[in-house]
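Next comes data-v1.tsv, a file with TSV, C-alpha atoms.
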chain	number	residue	atom	x	y	z
A	26	MET	CA	39.55	-36.30	6.79
A	27	ASN	CA	36.46	-37.27	8.63
A	28	ASP	CA	33.20	-35.53	9.32
A	29	ILE	CA	34.40	-34.18	12.66
A	30	ASP	CA	37.20	-32.29	10.87
A	31	ASP	CA	34.66	-30.86	8.48
A	32	GLU	CA	32.45	-29.67	11.31
A	33	VAL	CA	35.43	-28.11	13.10
A	34	THR	CA	36.58	-26.30	9.97
A	35	LEU	CA	33.07	-25.05	9.30
A	36	ALA	CA	32.76	-23.82	12.87
A	37	GLN	CA	36.02	-21.90	12.40
A	38	LEU	CA	34.74	-20.41	9.16
A	39	ARG	CA	31.49	-19.46	10.84
A	40	ALA	CA	33.43	-17.70	13.58
A	41	LEU	CA	35.41	-15.90	10.87
A	42	ALA	CA	32.20	-14.69	9.22
A	43	GLU	CA	30.66	-13.61	12.51
A	44	GLU	CA	33.74	-11.64	13.39
A	45	PHE	CA	34.61	-10.07	10.06
A	46	ASP	CA	31.46	-10.09	7.96
A	47	PRO	CA	28.59	-9.73	10.42
A	48	VAL	CA	25.16	-8.48	9.44
A	49	PRO	CA	25.40	-4.69	9.73
A	50	GLU	CA	23.12	-3.32	12.41
A	51	LEU	CA	21.50	-0.99	9.86
A	52	VAL	CA	20.44	-3.99	7.77
A	53	LEU	CA	18.58	-5.42	10.75
A	54	GLU	CA	17.02	-2.06	11.56
A	55	THR	CA	15.75	-1.41	8.03
A	56	ALA	CA	14.42	-4.98	7.82
A	57	MET	CA	12.44	-4.43	11.00
A	58	ALA	CA	11.22	-1.05	9.74
A	59	ALA	CA	10.01	-2.72	6.53
A	60	PHE	CA	7.04	-3.97	8.52
A	61	THR	CA	5.73	-0.42	8.87
A	62	LEU	CA	5.43	-0.26	5.07
A	63	ARG	CA	2.84	-3.02	5.13
A	64	LYS	CA	-0.39	-1.88	3.53
A	65	LEU	CA	-3.52	-3.91	3.94
A	66	ASP	CA	-5.78	-1.45	2.14
A	67	ALA	CA	-4.28	-2.00	-1.29
A	68	GLU	CA	-4.31	-4.95	-3.64
A	69	LEU	CA	-0.92	-6.35	-4.61
A	70	VAL	CA	0.08	-6.06	-8.26
A	71	GLU	CA	2.53	-8.94	-8.58
A	72	LEU	CA	5.81	-8.82	-10.43
A	73	ILE	CA	5.43	-11.46	-13.14
A	74	GLY	CA	8.37	-10.76	-15.39
A	75	ASP	CA	11.79	-9.12	-15.36
A	76	SER	CA	14.02	-8.96	-18.41
A	77	TYR	CA	16.99	-9.25	-16.04
A	78	ASP	CA	15.84	-12.75	-15.11
A	79	GLN	CA	16.50	-13.89	-18.67
A	80	PRO	CA	19.94	-15.07	-19.69
A	81	ALA	CA	21.84	-12.15	-21.15
A	82	GLU	CA	22.15	-13.81	-24.56
A	83	SER	CA	18.41	-14.23	-25.05
A	84	VAL	CA	17.31	-10.65	-24.52
A	85	VAL	CA	17.68	-7.83	-26.94
A	86	VAL	CA	19.98	-5.51	-25.09
A	87	ARG	CA	19.53	-1.91	-25.93
A	88	SER	CA	22.69	-0.72	-24.40
A	89	THR	CA	24.84	2.19	-25.40
A	90	GLY	CA	27.58	2.95	-22.98
A	91	THR	CA	26.02	3.50	-19.58
A	92	LEU	CA	22.47	3.58	-20.96
A	93	ASP	CA	20.62	0.33	-20.42
A	94	VAL	CA	16.95	-0.59	-20.48
A	95	ARG	CA	15.28	-3.13	-18.23
A	96	MET	CA	11.65	-4.22	-18.64
A	97	LEU	CA	9.44	-5.39	-15.77
A	98	SER	CA	5.82	-6.61	-15.88
A	99	PHE	CA	3.31	-6.46	-13.05
A	100	ARG	CA	-0.21	-7.85	-13.10
A	101	VAL	CA	-3.30	-8.48	-11.03
A	102	GLY	CA	-6.67	-9.24	-12.59
A	103	LEU	CA	-7.16	-6.92	-15.53
A	104	LEU	CA	-4.60	-4.40	-14.31
A	105	SER	CA	-1.22	-4.54	-15.93
A	106	LEU	CA	1.78	-2.29	-15.54
A	107	GLU	CA	4.74	-2.49	-17.87
A	108	LEU	CA	7.78	-0.71	-16.49
A	109	GLN	CA	10.81	0.41	-18.40
A	110	VAL	CA	13.84	1.28	-16.30
A	111	THR	CA	16.72	3.19	-17.81
A	112	ALA	CA	19.89	3.45	-15.77
A	113	ARG	CA	22.09	6.50	-15.80
A	114	GLY	CA	24.77	5.90	-13.24
A	115	ALA	CA	23.06	5.64	-9.86
A	116	ARG	CA	19.87	7.36	-11.10
A	117	ARG	CA	16.98	5.76	-12.94
A	118	LYS	CA	14.38	6.96	-15.39
A	119	LEU	CA	11.10	5.09	-15.12
A	120	VAL	CA	8.37	4.95	-17.74
A	121	ALA	CA	5.32	2.84	-16.93
A	122	GLN	CA	2.33	1.95	-19.07
A	123	VAL	CA	-0.76	1.06	-17.03
A	124	GLU	CA	-3.61	-0.79	-18.71
A	125	GLY	CA	-6.94	-2.24	-17.66
A	126	VAL	CA	-7.91	0.58	-15.28
A	127	ARG	CA	-8.37	4.34	-15.34
A	128	LEU	CA	-6.08	6.15	-12.94
A	129	VAL	CA	-7.00	9.05	-10.71
A	130	ASN	CA	-3.70	9.04	-8.84
A	131	ALA	CA	-0.27	7.49	-9.22
A	132	ARG	CA	2.59	7.62	-6.79
A	133	ILE	CA	6.02	6.13	-6.48
A	134	GLU	CA	7.29	5.02	-3.08
A	135	THR	CA	10.90	4.52	-2.19
A	136	GLY	CA	12.04	3.21	1.17
A	137	GLY	CA	11.83	6.66	2.69
A	138	SER	CA	9.68	8.88	0.51
A	139	THR	CA	6.62	9.13	-1.69
A	140	ARG	CA	5.96	11.36	-4.65
A	141	ASP	CA	3.05	11.92	-7.00
A	142	LEU	CA	3.63	11.13	-10.62
A	143	ALA	CA	2.27	12.87	-13.65
A	144	TYR	CA	0.35	10.52	-15.90
A	145	ASP	CA	-1.23	10.83	-19.28
A	146	ASP	CA	-3.31	8.16	-20.92
A	147	GLY	CA	-1.97	5.55	-18.52
A	148	VAL	CA	1.66	6.48	-19.04
A	149	LEU	CA	3.64	7.41	-15.93
A	150	VAL	CA	7.04	9.00	-16.03
A	151	ALA	CA	9.47	9.38	-13.12
A	152	GLU	CA	12.78	11.02	-13.81
A	153	ASP	CA	15.87	10.96	-11.68
A	154	VAL	CA	14.83	8.25	-9.21
A	155	PRO	CA	17.69	7.08	-6.98
A	156	ALA	CA	18.68	3.43	-7.25
A	157	GLY	CA	17.02	1.31	-4.54
A	158	PRO	CA	13.73	-0.46	-3.79
A	159	ILE	CA	10.61	1.19	-5.24
A	160	ARG	CA	6.93	0.41	-5.73
A	161	PHE	CA	3.98	2.15	-7.36
A	162	ARG	CA	0.72	3.00	-5.66
A	163	LEU	CA	-2.19	3.38	-8.05
A	164	THR	CA	-5.69	4.66	-7.35
A	165	THR	CA	-8.38	4.03	-9.94
A	166	ASP	CA	-11.54	5.90	-10.86
A	167	THR	CA	-13.60	3.14	-9.26
A	168	GLY	CA	-11.89	3.71	-5.93
A	169	GLY	CA	-9.53	0.75	-6.23
A	170	SER	CA	-6.16	0.99	-4.53
A	171	PHE	CA	-3.21	-1.02	-5.81
A	172	LEU	CA	0.41	-1.45	-4.88
A	173	THR	CA	3.01	-3.12	-7.04
A	174	SER	CA	5.56	-5.54	-5.62
A	175	TRP	CA	8.72	-3.88	-4.43
A	176	VAL	CA	11.48	-3.98	-7.00
A	177	LEU	CA	15.08	-3.02	-6.63
A	178	ILE	CA	16.05	-0.71	-9.46
B	20	MET	CA	6.75	-30.51	13.73
B	21	ASP	CA	9.51	-29.45	16.06
B	22	ASP	CA	9.49	-26.45	18.35
B	23	SER	CA	11.28	-24.08	16.03
B	24	MET	CA	8.76	-24.77	13.29
B	25	SER	CA	5.80	-24.26	15.58
B	26	THR	CA	7.39	-21.07	16.83
B	27	THR	CA	7.93	-19.90	13.26
B	28	ARG	CA	4.28	-20.63	12.52
B	29	ALA	CA	3.22	-18.62	15.56
B	30	LEU	CA	5.52	-15.76	14.57
B	31	LEU	CA	4.12	-15.70	11.04
B	32	THR	CA	0.57	-15.70	12.37
B	33	ARG	CA	1.30	-12.94	14.84
B	34	ALA	CA	3.19	-10.84	12.31
B	35	SER	CA	0.36	-11.32	9.86
B	36	GLY	CA	-1.95	-10.03	12.58
B	37	GLY	CA	0.13	-6.87	12.77
B	38	GLN	CA	2.51	-7.53	15.64
B	39	GLN	CA	5.78	-5.75	15.00
B	40	GLU	CA	7.63	-7.72	17.69
B	41	ALA	CA	6.84	-11.02	15.95
B	42	TRP	CA	8.15	-9.55	12.70
B	43	ASN	CA	11.31	-8.36	14.44
B	44	GLU	CA	11.93	-11.88	15.71
B	45	LEU	CA	11.60	-13.30	12.18
B	46	VAL	CA	14.12	-10.70	11.03
B	47	ARG	CA	16.52	-11.58	13.85
B	48	ARG	CA	16.29	-15.28	13.07
B	49	HIS	CA	16.79	-15.19	9.33
B	50	THR	CA	18.76	-12.10	8.34
B	51	ASN	CA	22.12	-13.77	8.93
B	52	LEU	CA	21.21	-16.40	6.32
B	53	LEU	CA	20.06	-13.77	3.82
B	54	TRP	CA	23.22	-11.74	4.40
B	55	SER	CA	25.41	-14.83	3.94
B	56	ILE	CA	23.68	-15.69	0.67
B	57	ALA	CA	24.03	-12.14	-0.64
B	58	ARG	CA	27.72	-12.08	0.29
B	59	SER	CA	28.21	-15.51	-1.29
B	60	PHE	CA	27.22	-13.85	-4.57
B	61	ARG	CA	30.10	-11.42	-4.03
B	62	LEU	CA	27.86	-8.41	-3.58
B	63	ASP	CA	29.51	-5.56	-1.74
B	64	GLN	CA	27.96	-4.39	1.51
B	65	ALA	CA	25.65	-1.79	-0.03
B	66	ASP	CA	24.31	-4.18	-2.66
B	67	ALA	CA	23.99	-7.02	-0.16
B	68	ALA	CA	22.01	-4.67	2.10
B	69	ASP	CA	19.67	-3.80	-0.80
B	70	ALA	CA	19.14	-7.47	-1.68
B	71	VAL	CA	18.32	-8.35	1.93
B	72	GLN	CA	16.03	-5.35	2.36
B	73	THR	CA	14.13	-6.08	-0.86
B	74	THR	CA	13.64	-9.67	0.31
B	75	TRP	CA	12.11	-8.51	3.60
B	76	LEU	CA	9.92	-5.99	1.78
B	77	ARG	CA	8.68	-8.86	-0.39
B	78	LEU	CA	7.87	-10.94	2.67
B	79	VAL	CA	5.93	-8.03	4.14
B	80	GLU	CA	3.74	-7.87	1.08
B	81	HIS	CA	3.36	-11.68	0.93
B	82	LEU	CA	2.90	-12.22	4.65
B	83	ASP	CA	-0.64	-13.44	4.26
B	84	ARG	CA	0.43	-15.97	1.63
B	85	VAL	CA	3.61	-17.37	3.16
B	86	GLN	CA	2.08	-19.05	6.18
B	87	ASP	CA	3.74	-22.44	5.89
B	88	PRO	CA	6.73	-22.32	8.25
B	89	ASP	CA	8.36	-25.25	6.45
B	90	ARG	CA	8.57	-23.15	3.34
B	91	LEU	CA	9.46	-19.77	4.79
B	92	VAL	CA	13.24	-20.21	4.79
B	93	GLY	CA	13.27	-21.69	1.29
B	94	TRP	CA	11.10	-18.82	0.10
B	95	LEU	CA	13.46	-16.27	1.65
B	96	ALA	CA	16.53	-18.00	0.20
B	97	THR	CA	15.02	-18.17	-3.29
B	98	THR	CA	13.87	-14.55	-3.15
B	99	VAL	CA	17.24	-13.18	-2.07
B	100	ARG	CA	19.05	-15.29	-4.68
B	101	ARG	CA	16.90	-13.78	-7.44
B	102	GLU	CA	17.56	-10.28	-6.15
B	103	CYS	CA	21.30	-10.96	-6.03
B	104	LEU	CA	21.31	-12.15	-9.62
B	105	ARG	CA	19.38	-9.06	-10.71
B	106	ILE	CA	21.81	-6.78	-8.91
B	107	LYS	CA	24.72	-8.56	-10.55
B	108	ARG	CA	23.04	-7.92	-13.89
B	109	ILE	CA	22.74	-4.23	-13.06
B	110	ARG	CA	26.38	-4.06	-12.03
B	111	ASP	CA	27.55	-6.03	-15.08
B	112	ARG	CA	25.80	-3.49	-17.30
B	113	GLU	CA	27.46	-0.65	-15.46
B	114	ARG	CA	30.84	-2.22	-16.09
B	115	PRO	CA	30.45	-3.42	-19.65
B	116	GLN	CA	34.17	-4.01	-20.13
B	117	SER	CA	34.59	-6.26	-17.15
B	118	TYR	CA	32.79	-9.59	-17.07
B	119	ASP	CA	34.93	-10.98	-14.29
B	120	ASP	CA	33.67	-10.94	-10.76
B	121	PRO	CA	35.72	-8.88	-8.39
B	122	PRO	CA	37.79	-10.98	-6.00
B	123	PHE	CA	35.80	-12.37	-3.11
B	124	GLU	CA	36.19	-9.96	-0.26
B	125	ILE	CA	35.55	-10.51	3.38
B	126	PRO	CA	35.26	-8.00	4.85
B	127	ASP	CA	33.93	-5.44	2.41
B	128	PRO	CA	36.21	-4.34	-0.43
B	129	ALA	CA	36.03	-0.86	1.06
B	130	GLU	CA	37.45	-2.21	4.29
B	131	PRO	CA	40.72	-3.96	3.50
B	132	LEU	CA	42.15	-6.51	5.84
B	133	ASP	CA	42.12	-4.38	8.91
B	134	ALA	CA	43.95	-4.33	12.15
B	135	LYS	CA	41.42	-6.69	13.65
B	136	LEU	CA	42.22	-9.31	11.07
B	137	LEU	CA	45.95	-8.84	11.14
B	138	ARG	CA	45.91	-8.95	14.91
B	139	ASP	CA	44.82	-12.51	14.69
B	140	GLU	CA	47.18	-14.19	12.32
B	141	SER	CA	45.35	-17.46	12.36
B	142	TYR	CA	42.19	-15.84	11.11
B	143	ALA	CA	44.18	-13.99	8.47
B	144	THR	CA	45.69	-17.29	7.35
B	145	LEU	CA	42.28	-18.91	7.23
B	146	TRP	CA	40.90	-15.96	5.31
B	147	HIS	CA	43.71	-16.11	2.75
B	148	ALA	CA	43.12	-19.82	2.35
B	149	PHE	CA	39.42	-19.18	1.88
B	150	ALA	CA	40.07	-16.42	-0.66
B	151	GLY	CA	42.35	-18.74	-2.60
B	152	MET	CA	39.68	-21.33	-3.25
B	153	PRO	CA	37.67	-21.73	-6.44
B	154	GLU	CA	34.60	-19.53	-6.67
B	155	HIS	CA	32.09	-22.36	-6.35
B	156	CYS	CA	33.73	-23.46	-3.10
B	157	GLN	CA	33.73	-19.92	-1.70
B	158	ARG	CA	30.09	-19.50	-2.60
B	159	LEU	CA	28.94	-22.76	-1.05
B	160	LEU	CA	31.02	-22.31	2.10
B	161	ARG	CA	29.91	-18.69	2.57
B	162	VAL	CA	26.30	-19.87	2.65
B	163	LEU	CA	27.21	-22.74	4.99
B	164	MET	CA	28.94	-20.15	7.21
B	165	SER	CA	25.60	-18.54	8.02
B	166	SER	CA	24.37	-18.82	11.56
B	167	PRO	CA	22.53	-20.96	12.53
B	168	PRO	CA	23.84	-23.52	10.01
B	169	PRO	CA	21.37	-23.81	7.12
B	170	SER	CA	19.72	-27.05	6.06
B	171	TYR	CA	20.74	-28.52	2.72
B	172	ASP	CA	17.26	-27.74	1.40
B	173	THR	CA	17.93	-24.08	2.19
B	174	VAL	CA	21.38	-24.18	0.59
B	175	SER	CA	19.82	-25.80	-2.45
B	176	ALA	CA	17.27	-22.98	-2.74
B	177	ALA	CA	19.93	-20.33	-2.18
B	178	LEU	CA	22.36	-21.60	-4.80
B	179	GLN	CA	20.06	-23.58	-7.10
B	180	MET	CA	22.20	-26.58	-6.41
B	181	PRO	CA	20.92	-30.17	-6.22
B	182	VAL	CA	20.64	-31.26	-2.59
B	183	GLY	CA	22.56	-34.45	-3.37
B	184	SER	CA	25.64	-32.60	-4.56
B	185	ILE	CA	25.96	-30.31	-1.54
B	186	GLY	CA	27.49	-32.86	0.83
B	187	PRO	CA	30.19	-34.14	-1.56
B	188	THR	CA	31.05	-30.61	-2.75
B	189	ARG	CA	31.23	-29.39	0.81
B	190	LYS	CA	33.60	-32.23	1.67
B	191	ARG	CA	35.90	-31.55	-1.27
B	192	CYS	CA	35.94	-27.80	-0.65
B	193	LEU	CA	36.71	-28.16	3.05
B	194	ALA	CA	39.51	-30.63	2.31
B	195	ARG	CA	40.93	-28.17	-0.17
B	196	LEU	CA	40.63	-25.34	2.32
B	197	ARG	CA	42.52	-27.36	4.92
B	198	SER	CA	45.27	-28.14	2.46
B	199	LEU	CA	45.62	-24.39	1.79
B	200	PHE	CA	45.24	-23.50	5.42
B	201	GLY	CA	47.79	-25.98	6.64
B	202	ARG	CA	47.18	-27.48	10.03
B	203	HIS	CA	43.51	-27.03	10.74
B	204	ASP	CA	44.09	-26.72	14.44
B	205	CYS	CA	45.81	-23.35	14.11
B	206	LEU	CA	42.67	-21.86	15.55
B	207	PRO	CA	41.22	-22.72	18.91
B	208	SER	CA	39.21	-25.80	18.19
B	209	GLN	CA	35.54	-25.12	18.55
B	210	ALA	CA	32.93	-27.75	18.96
B	211	PRO	CA	30.22	-27.43	16.35
B	212	THR	CA	27.65	-25.45	18.23
B	213	ALA	CA	24.29	-24.55	16.78
B	214	GLU	CA	21.95	-27.28	15.62
B	215	ARG	CA	21.31	-27.20	11.92
B	216	GLU	CA	17.97	-25.56	11.29
B	217	SER	CA	15.45	-28.08	10.13

Just give me the structure of the file as structure tokens.
Amino acid sequence: MNDIDDEVTLAQLRALAEEFDPVPELVLETAMAAFTLRKLDAELVELIGDSYDQPAESVVVRSTGTLDVRMLSFRVGLLSLELQVTARGARRKLVAQVEGVRLVNARIETGGSTRDLAYDDGVLVAEDVPAGPIRFRLTTDTGGSFLTSWVLI
Amino acid sequence: MDDSMSTTRALLTRASGGQQEAWNELVRRHTNLLWSIARSFRLDQADAADAVQTTWLRLVEHLDRVQDPDRLVGWLATTVRRECLRIKRIRDRERPQSYDDPPFEIPDPAEPLDAKLLRDESYATLWHAFAGMPEHCQRLLRVLMSSPPPSYDTVSAALQMPVGSIGPTRKRCLARLRSLFGRHDCLPSQAPTAERES
């Protein structure tokens, strides 16, 4: 078979995908709406590590039945945030340890909502968070404002 | 630099300056690729939607840093691939007994071969042929099925596959598909349309 056949077959496959597996309209709409979540007043705390990026064999899996723990690390400058995510079905429990700054406010943002988090000695706890993209917004005692990278939990 | 690249640069600059319409255009241009990549990883519709959305959220926060239009598509492809792999990890943990991927489903597993598909027998035949191929073929072809056709550099970023092996693998997989599909002219022959994105 020559290259023309390949191109024809691919064009047929592409037509198949466009007809039967198109991008849902809602996906386009939420992607466009993502722009409104842009915040220029806060410094980005980058995701620098995710235990789920490691091969399964090399991480110590603390898993009992449906309970499973995932560790994520965020950092910018001296600020670090270590996040532990525990899955219970479609809900998540989040425990974060913030170091390098003193917090005066901590919030968690999901795609559609924001809530204040209790914190004690740099430890934040959020119970019963629905699965989906989240980020933390942190305000420090020196007036600094920080946002973590979005992560899908 | 060709026109599409200069346009992408202008869109990135305008979006970075706060113009929603420029952002919307970036979304319209590239979401089909991100969706195709997510589906190539056999994510169902809800998970594919999450992977695509997280990728766009990441671009929003990195808009001031991803200004090189040559690298935008590769960056998007790499970002969505990582999210897909993370989601698969989450799902694998939720189903500890089952390490096998579910069968590749187009359309969504929740929407079995519907009337639309059955109405057009040729498409159904093509679909069954596609579904009968080895996983690596389905994955590569599903990414190549995105519209406009992706460059090999983009496919390489999406699947972490050496650029040099894409062409030969593509050829073998398409030949195999045709052998499963039977006569490849069952469907109205379509000229290859869109230019491959550069």

Would you mind listing, as a PDB file with C-alpha atoms, in the coordinates of the input, all residues of chain B that have at least one atom within 6 Å of chain A, where all atoms listed in the file are what counts?
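And here is the file that came out, part.pdb:
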ATOM      1  CA  ASN B  43      11.310  -8.360  14.440  1.00  0.00           C
ATOM      2  CA  ALA B  68      22.010  -4.670   2.100  1.00  0.00           C
ATOM      3  CA  GLN B  72      16.030  -5.350   2.360  1.00  0.00           C
ATOM      4  CA  TRP B  75      12.110  -8.510   3.600  1.00  0.00           C
ATOM      5  CA  LEU B  76       9.920  -5.990   1.780  1.00  0.00           C
ATOM      6  CA  VAL B  79       5.930  -8.030   4.140  1.00  0.00           C
ATOM      7  CA  ARG B 105      19.380  -9.060 -10.710  1.00  0.00           C
ATOM      8  CA  PRO B 126      35.260  -8.000   4.850  1.00  0.00           C
ATOM      9  CA  MET B 164      28.940 -20.150   7.210  1.00  0.00           C
ATOM     10  CA  PRO B 211      30.220 -27.430  16.350  1.00  0.00           C
TER      11      PRO B 211
END

>> For a quick check of understanding, using all atoms listed in the file, which of A:Ser170, A:Ala143, A:Val148, A:Ser138 has the smallest distance to Leu108 of chain A?
In response: A:Val148

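Proximity ranking of A:Gly102, A:Gly169, A:Pro155, A:Gly74 relative to Leu119 of chain A places A:Pro155 first, based on all atoms listed in the file.
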
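Between atom CA of Leu45 of chain B and atom CA of Tyr171 of chain B there is a distance of 20.1 Å.
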
>> Residues proximal to (13.9, -12.6, 15.4) were defined as those with any atom within 12 Å of that point in the file's coordinates, counting only C-alpha atoms. Which are they, as a list in words?
In response: Leu53, Glu54, Ala56 and Met57 of chain A; Ser23, Thr26, Thr27, Leu30, Leu31, Ala34, Gln39, Glu40, Ala41, Trp42, Asn43, Glu44, Leu45, Val46, Arg47, Arg48, His49, Thr50 and Asn51 of chain B

> Could you name the residues that touch Cys156 of chain B at 8 Å or less, counting only C-alpha atoms, but leaving out those on the same chain fewer than 3 positions away, as a list of chain:residue names?
Replying inline: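 The contact residues come out as B:Met152, B:Pro153, B:Leu159, B:Leu160, B:Thr188, B:Arg189, B:Cys192.
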
>> Give me, as number ranges by chain, all polymer residues having an atom no more than 12 Å from Thr97 of chain B, counting all atoms listed in the file and skipping those fewer than 5 positions away in the same chain.
In response: B: 52-53, 56-57, 70-71, 74, 77-78, 90-92, 102-104, 172-180

> Just how far from atom CA of Asp153 of chain A is atom CA of Gln122 of chain A, in Å to one decimal?
Replying inline: 17.9 Å

Kindly list the centre and edge lengths in Å, rounded to one decimal, for the axis-aligned box that covers all listed atoms of segment 28-47 of chain A plus 6 Å on each of its six sides, as lines of an AutoDock Vina configuration file.
center_x = 32.9
center_y = -22.6
center_z = 10.8
size_x = 20.6
size_y = 37.8
size_z = 17.6

> Which residue gives the smallest distance to Leu149 of chain A among A:Asp166, A:Ala121, A:Ser105, A:Val126, with only C-alpha atoms counted?
Replying inline: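 Of A:Asp166, A:Ala121, A:Ser105, A:Val126, the one nearest Leu149 of chain A, counting only C-alpha atoms, is A:Ala121.
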
>> One number please: atom CA of Trp54 of chain B to atom CA of Gly183 of chain B, in Å, one decimal.
In response: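 Distance between the two atoms: 24.0 Å.
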
>> Taking all atoms listed in the file into account, name the residue in B:Thr73, B:Ser141, B:Ser166, B:Ser55 that is nearest to Thr98 of chain B.
In response: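 Selected residue with least distance to Thr98 of chain B: B:Thr73.
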